[in-house]
file upload09.cif (mmCIF, C-alpha atoms)
data_start
#
loop_
_atom_site.group_PDB
_atom_site.id
_atom_site.type_symbol
_atom_site.label_atom_id
_atom_site.label_comp_id
_atom_site.auth_asym_id
_atom_site.auth_seq_id
_atom_site.Cartn_x
_atom_site.Cartn_y
_atom_site.Cartn_z
ATOM 1 C CA MET A 1 14.172 11.379 -2.874
ATOM 2 C CA ASN A 2 13.383 10.077 0.642
ATOM 3 C CA GLN A 3 9.841 9.236 -0.445
ATOM 4 C CA ILE A 4 11.113 7.244 -3.434
ATOM 5 C CA ASN A 5 13.527 5.348 -1.184
ATOM 6 C CA TYR A 6 10.655 4.693 1.230
ATOM 7 C CA LEU A 7 8.503 3.327 -1.572
ATOM 8 C CA LEU A 8 11.303 1.146 -2.879
ATOM 9 C CA ASN A 9 12.025 -0.251 0.587
ATOM 10 C CA HIS A 10 8.429 -0.745 1.774
ATOM 11 C CA ASN A 11 6.995 -2.296 -1.373
ATOM 12 C CA PRO A 12 3.443 -1.017 -1.875
ATOM 13 C CA ILE A 13 0.921 -3.364 -3.451
ATOM 14 C CA ASN A 14 -0.722 -3.288 -6.876
ATOM 15 C CA VAL A 15 -2.406 -5.854 -9.088
ATOM 16 C CA LYS A 16 -0.448 -5.678 -12.365
ATOM 17 C CA ALA A 17 2.577 -7.821 -11.556
ATOM 18 C CA SER A 18 0.931 -10.409 -9.329
ATOM 19 C CA GLY A 19 0.950 -13.132 -11.971
ATOM 20 C CA MET A 20 4.355 -12.378 -13.468
ATOM 21 C CA ASP A 21 7.442 -14.489 -13.020
ATOM 22 C CA ASN A 22 10.929 -12.957 -12.768
ATOM 23 C CA SER A 23 11.646 -12.939 -16.518
ATOM 24 C CA GLU A 24 8.307 -11.255 -17.265
ATOM 25 C CA LEU A 25 8.998 -8.684 -14.562
ATOM 26 C CA LEU A 26 12.405 -7.905 -16.043
ATOM 27 C CA TYR A 27 10.832 -7.283 -19.453
ATOM 28 C CA TYR A 28 8.020 -5.204 -17.938
ATOM 29 C CA TYR A 29 10.376 -3.044 -15.912
ATOM 30 C CA SER A 30 12.826 -2.514 -18.728
ATOM 31 C CA ASP A 31 9.986 -0.753 -20.595
ATOM 32 C CA ALA A 32 9.057 1.241 -17.499
ATOM 33 C CA LEU A 33 12.650 2.275 -16.893
ATOM 34 C CA LEU A 34 12.950 3.359 -20.534
ATOM 35 C CA VAL A 35 9.980 5.680 -19.977
ATOM 36 C CA ILE A 36 11.694 7.124 -16.894
ATOM 37 C CA ILE A 37 14.975 7.680 -18.703
ATOM 38 C CA GLN A 38 13.261 9.443 -21.604
ATOM 39 C CA THR A 39 11.176 11.700 -19.358
ATOM 40 C CA ASP A 40 12.430 15.075 -18.203
ATOM 41 C CA ASN A 41 9.412 15.818 -16.010
ATOM 42 C CA LEU A 42 10.139 15.029 -12.337
ATOM 43 C CA ASP A 43 6.466 14.439 -11.518
ATOM 44 C CA SER A 44 6.159 11.851 -14.307
ATOM 45 C CA ILE A 45 9.288 10.104 -13.080
ATOM 46 C CA LYS A 46 7.929 10.048 -9.530
ATOM 47 C CA THR A 47 4.601 8.618 -10.716
ATOM 48 C CA GLU A 48 6.326 5.923 -12.792
ATOM 49 C CA LEU A 49 8.531 4.939 -9.834
ATOM 50 C CA ILE A 50 5.456 4.680 -7.622
ATOM 51 C CA ASN A 51 3.825 2.397 -10.200
ATOM 52 C CA ILE A 52 6.936 0.218 -10.402
ATOM 53 C CA THR A 53 7.181 -0.150 -6.641
ATOM 54 C CA ASN A 54 3.460 -0.919 -6.464
ATOM 55 C CA ASP A 55 3.972 -3.794 -8.869
ATOM 56 C CA LEU A 56 7.069 -5.079 -7.106
ATOM 57 C CA GLY A 57 5.236 -4.910 -3.804
ATOM 58 C CA LYS A 58 2.465 -7.140 -5.098
ATOM 59 C CA VAL A 59 4.976 -9.786 -6.135
ATOM 60 C CA ASN A 60 6.787 -9.458 -2.799
ATOM 61 C CA GLN A 61 3.507 -9.731 -0.875
ATOM 62 C CA LYS A 62 2.551 -12.850 -2.839
ATOM 63 C CA ASN A 63 5.894 -14.442 -1.947
ATOM 64 C CA ASN A 64 5.690 -13.365 1.703
ATOM 65 C CA ASP A 65 2.205 -14.834 2.212
ATOM 66 C CA LYS A 66 3.731 -18.289 2.094
ATOM 67 C CA GLN A 67 6.217 -17.506 4.857
ATOM 68 C CA TYR A 68 3.805 -16.424 7.591
ATOM 69 C CA SER A 69 2.105 -18.467 10.262
ATOM 70 C CA VAL A 70 -1.612 -19.216 10.081
ATOM 71 C CA VAL A 71 -2.430 -16.479 12.604
ATOM 72 C CA ILE A 72 -0.440 -13.783 10.792
ATOM 73 C CA ASN A 73 -1.965 -14.801 7.459
ATOM 74 C CA GLN A 74 -5.382 -14.544 9.120
ATOM 75 C CA ILE A 75 -4.548 -11.014 10.300
ATOM 76 C CA ILE A 76 -3.406 -10.047 6.794
ATOM 77 C CA ASP A 77 -6.598 -11.505 5.293
ATOM 78 C CA GLU A 78 -8.731 -9.609 7.805
ATOM 79 C CA ILE A 79 -6.924 -6.372 6.976
ATOM 80 C CA ASP A 80 -7.874 -6.886 3.330
ATOM 81 C CA LYS A 81 -11.489 -7.625 4.262
ATOM 82 C CA GLN A 82 -11.828 -4.854 6.850
ATOM 83 C CA ILE A 83 -9.776 -2.106 5.158
ATOM 84 C CA SER A 84 -12.700 0.344 5.196
ATOM 85 C CA ASN A 85 -13.430 -0.278 8.885
ATOM 86 C CA PRO A 86 -12.327 2.821 10.852
ATOM 87 C CA ASP A 87 -12.118 0.655 13.998
ATOM 88 C CA LEU A 88 -9.598 -1.714 12.420
ATOM 89 C CA SER A 89 -6.661 -2.034 14.798
ATOM 90 C CA LEU A 90 -4.616 -4.796 16.354
ATOM 91 C CA LYS A 91 -6.692 -4.476 19.525
ATOM 92 C CA TRP A 92 -9.939 -4.783 17.557
ATOM 93 C CA LEU A 93 -8.669 -7.819 15.614
ATOM 94 C CA ALA A 94 -7.431 -9.483 18.807
ATOM 95 C CA GLN A 95 -10.780 -8.996 20.558
ATOM 96 C CA GLU A 96 -13.255 -9.471 17.711
ATOM 97 C CA ILE A 97 -11.650 -11.849 15.206
ATOM 98 C CA ILE A 98 -8.537 -13.679 16.410
ATOM 99 C CA PHE A 99 -9.410 -14.008 20.124
ATOM 100 C CA MET A 100 -5.805 -13.816 21.264
ATOM 101 C CA ASN A 101 -3.740 -11.442 23.380
ATOM 102 C CA LYS A 102 -3.079 -8.158 21.550
ATOM 103 C CA ASP A 103 0.494 -7.825 22.820
ATOM 104 C CA TYR A 104 1.374 -11.359 21.748
ATOM 105 C CA LEU A 105 -0.145 -10.773 18.298
ATOM 106 C CA GLY A 106 1.785 -7.530 17.942
ATOM 107 C CA LYS A 107 5.083 -9.207 18.777
ATOM 108 C CA GLN A 108 4.381 -12.121 16.432
ATOM 109 C CA PHE A 109 3.336 -9.770 13.641
ATOM 110 C CA LYS A 110 6.545 -7.754 13.998
ATOM 111 C CA LYS A 111 8.656 -10.914 14.230
ATOM 112 C CA GLU A 112 7.197 -12.461 11.084
ATOM 113 C CA THR A 113 6.634 -9.418 8.863
ATOM 114 C CA GLY A 114 9.470 -7.208 10.033
ATOM 115 C CA GLN A 115 7.171 -4.262 10.673
ATOM 116 C CA THR A 116 4.657 -3.202 13.254
ATOM 117 C CA PHE A 117 0.969 -3.830 12.695
ATOM 118 C CA THR A 118 0.298 -0.090 12.615
ATOM 119 C CA ASN A 119 2.918 0.556 9.929
ATOM 120 C CA TYR A 120 1.710 -2.409 7.902
ATOM 121 C CA LEU A 121 -1.910 -1.261 8.114
ATOM 122 C CA MET A 122 -0.972 2.277 7.069
ATOM 123 C CA GLN A 123 1.038 0.921 4.145
ATOM 124 C CA ILE A 124 -1.879 -1.220 2.963
ATOM 125 C CA ARG A 125 -4.325 1.669 3.354
ATOM 126 C CA MET A 126 -2.090 4.078 1.426
ATOM 127 C CA ASN A 127 -1.523 1.532 -1.341
ATOM 128 C CA ARG A 128 -5.266 0.987 -1.611
ATOM 129 C CA ALA A 129 -5.796 4.751 -1.708
ATOM 130 C CA MET A 130 -3.324 5.052 -4.593
ATOM 131 C CA GLU A 131 -5.145 2.275 -6.428
ATOM 132 C CA LEU A 132 -8.551 3.905 -5.885
ATOM 133 C CA ILE A 133 -7.296 7.296 -7.025
ATOM 134 C CA ALA A 134 -5.680 5.762 -10.119
ATOM 135 C CA GLU A 135 -8.656 3.554 -11.050
ATOM 136 C CA THR A 136 -11.562 5.930 -10.471
ATOM 137 C CA ASN A 137 -12.065 9.362 -12.003
ATOM 138 C CA ASP A 138 -15.062 10.518 -9.990
ATOM 139 C CA LEU A 139 -13.968 9.769 -6.398
ATOM 140 C CA LYS A 140 -13.310 12.718 -4.122
ATOM 141 C CA VAL A 141 -10.508 12.600 -1.570
ATOM 142 C CA CYS A 142 -13.053 12.278 1.252
ATOM 143 C CA ASP A 143 -14.599 9.259 -0.540
ATOM 144 C CA VAL A 144 -11.200 7.604 -0.854
ATOM 145 C CA ALA A 145 -10.534 8.331 2.820
ATOM 146 C CA GLU A 146 -13.809 6.652 3.780
ATOM 147 C CA LYS A 147 -13.138 3.580 1.638
ATOM 148 C CA ILE A 148 -9.816 2.932 3.377
ATOM 149 C CA GLY A 149 -10.917 3.481 6.956
ATOM 150 C CA PHE A 150 -10.378 7.220 7.496
ATOM 151 C CA LYS A 151 -14.135 7.799 7.595
ATOM 152 C CA ASN A 152 -14.243 10.639 10.085
ATOM 153 C CA ASN A 153 -10.967 12.337 9.243
ATOM 154 C CA PRO A 154 -10.141 13.066 5.582
ATOM 155 C CA ALA A 155 -7.644 15.762 6.657
ATOM 156 C CA TYR A 156 -5.627 13.154 8.560
ATOM 157 C CA PHE A 157 -5.819 10.883 5.511
ATOM 158 C CA SER A 158 -4.381 13.673 3.338
ATOM 159 C CA ARG A 159 -1.491 14.229 5.767
ATOM 160 C CA ALA A 160 -0.792 10.490 5.995
ATOM 161 C CA PHE A 161 -0.936 10.141 2.207
ATOM 162 C CA LYS A 162 1.533 12.986 1.744
ATOM 163 C CA LYS A 163 3.864 11.504 4.362
ATOM 164 C CA PHE A 164 3.705 8.128 2.607
ATOM 165 C CA THR A 165 4.079 9.295 -1.016
ATOM 166 C CA GLY A 166 5.598 12.759 -0.752
ATOM 167 C CA ILE A 167 2.631 14.337 -2.540
ATOM 168 C CA THR A 168 -0.953 15.162 -1.631
ATOM 169 C CA PRO A 169 -3.848 12.986 -2.814
ATOM 170 C CA LEU A 170 -5.001 15.760 -5.170
ATOM 171 C CA THR A 171 -1.535 16.094 -6.708
ATOM 172 C CA TYR A 172 -1.316 12.324 -7.098
ATOM 173 C CA GLN A 173 -4.773 12.327 -8.705
ATOM 174 C CA LYS A 174 -3.692 14.995 -11.219
ATOM 175 C CA GLU A 175 -0.456 13.167 -12.028
ATOM 176 C CA VAL A 176 -2.162 9.830 -12.573
ATOM 177 C CA ARG A 177 -4.774 11.361 -14.860
ATOM 178 C CA GLN A 178 -2.264 13.079 -17.141
#

call {"tool": "encode", "arguments": {"input": "upload09.cif", "output": "structure tokens"}}
result
Amino acid sequence: MNQINYLLNHNPINVKASGMDNSELLYYYSDALLVIIQTDNLDSIKTELINITNDLGKVNQKNNDKQYSVVINQIIDEIDKQISNPDLSLKWLAQEIIFMNKDYLGKQFKKETGQTFTNYLMQIRMNRAMELIAETNDLKVCDVAEKIGFKNNPAYFSRAFKKFTGITPLTYQKEVRQ
């Protein structure tokens, strides 16, 4: 239950709902909630809730993009571009891309987004991992780990994924493919 609350409160990102307005979302989620109500399998319910929060997160992210300063939007854009870079960090961005003080950027990022850069980056990486696992049948966990910046440490990726979702990448992969 804690993982579901985490997902609902931290709004992961997915592509489905990005173009929907509020009335379309209500219709879409009424169907999704009907599936949840009719399902007696806890794993299916968990997967459906993850999908719903992914979609809501995309809409929330789209709305939040307009509220950030130019620098924070640049950081967010660079995260999207550099997601597979294992060196991606606030320090790296400050030195290589933004050319500003790391501590200042960290404080501004927290002030504007409400979360630390590290937590935001982990959230984006885990959301991208869920998308990759759901979209691709032939990717191994180590391949997913590499594509989201955990190049040298797939075991750490698996632990982080489980902490984020409550299930391992392999379990998530099996659930999505059912």

call {"tool": "atom_distance", "arguments": {"input": "upload09.cif", "atom1": "atom CA of Lys147 of chain A", "atom2": "atom CA of Asn85 of chain A"}}
result
8.2 Å

call {"tool": "residues_near_point", "arguments": {"input": "upload09.cif", "point": "(4.4, -6.1, 13.2)", "cutoff": "12 Å", "atoms": "only C-alpha atoms", "output": "PDB file with C-alpha atoms, in the coordinates of the input"}}
result
ATOM      1  CA  TYR A  68       3.805 -16.424   7.591  1.00  0.00           C
ATOM      2  CA  ILE A  72      -0.440 -13.783  10.792  1.00  0.00           C
ATOM      3  CA  ILE A  75      -4.548 -11.014  10.300  1.00  0.00           C
ATOM      4  CA  ILE A  76      -3.406 -10.047   6.794  1.00  0.00           C
ATOM      5  CA  SER A  89      -6.661  -2.034  14.798  1.00  0.00           C
ATOM      6  CA  LEU A  90      -4.616  -4.796  16.354  1.00  0.00           C
ATOM      7  CA  LYS A 102      -3.079  -8.158  21.550  1.00  0.00           C
ATOM      8  CA  ASP A 103       0.494  -7.825  22.820  1.00  0.00           C
ATOM      9  CA  TYR A 104       1.374 -11.359  21.748  1.00  0.00           C
ATOM     10  CA  LEU A 105      -0.145 -10.773  18.298  1.00  0.00           C
ATOM     11  CA  GLY A 106       1.785  -7.530  17.942  1.00  0.00           C
ATOM     12  CA  LYS A 107       5.083  -9.207  18.777  1.00  0.00           C
ATOM     13  CA  GLN A 108       4.381 -12.121  16.432  1.00  0.00           C
ATOM     14  CA  PHE A 109       3.336  -9.770  13.641  1.00  0.00           C
ATOM     15  CA  LYS A 110       6.545  -7.754  13.998  1.00  0.00           C
ATOM     16  CA  LYS A 111       8.656 -10.914  14.230  1.00  0.00           C
ATOM     17  CA  GLU A 112       7.197 -12.461  11.084  1.00  0.00           C
ATOM     18  CA  THR A 113       6.634  -9.418   8.863  1.00  0.00           C
ATOM     19  CA  GLY A 114       9.470  -7.208  10.033  1.00  0.00           C
ATOM     20  CA  GLN A 115       7.171  -4.262  10.673  1.00  0.00           C
ATOM     21  CA  THR A 116       4.657  -3.202  13.254  1.00  0.00           C
ATOM     22  CA  PHE A 117       0.969  -3.830  12.695  1.00  0.00           C
ATOM     23  CA  THR A 118       0.298  -0.090  12.615  1.00  0.00           C
ATOM     24  CA  ASN A 119       2.918   0.556   9.929  1.00  0.00           C
ATOM     25  CA  TYR A 120       1.710  -2.409   7.902  1.00  0.00           C
ATOM     26  CA  LEU A 121      -1.910  -1.261   8.114  1.00  0.00           C
ATOM     27  CA  MET A 122      -0.972   2.277   7.069  1.00  0.00           C
ATOM     28  CA  GLN A 123       1.038   0.921   4.145  1.00  0.00           C
TER      29      GLN A 123
END

call {"tool": "residues_near_point", "arguments": {"input": "upload09.cif", "point": "(-1.3, 14.5, -4.0)", "cutoff": "12 Å", "atoms": "all atoms listed in the file", "output": "PyMOL selection string"}}
result
chain A and resi 43+46-47+126+129-130+133-134+141+157-177

call {"tool": "closest_residue", "arguments": {"input": "upload09.cif", "among": "A:Asn41, A:Asn101, A:Asn51, A:Asn127", "to": "Ile83 of chain A", "atoms": "all atoms listed in the file"}}
result
A:Asn127

call {"tool": "closest_residue", "arguments": {"input": "upload09.cif", "among": "A:Pro86, A:Cys142, A:Arg128, A:Ile97", "to": "Gln74 of chain A", "atoms": "only C-alpha atoms"}}
result
A:Ile97

call {"tool": "atom_distance", "arguments": {"input": "upload09.cif", "atom1": "atom CA of Leu139 of chain A", "atom2": "atom CA of Ala155 of chain A"}}
result
15.7 Å
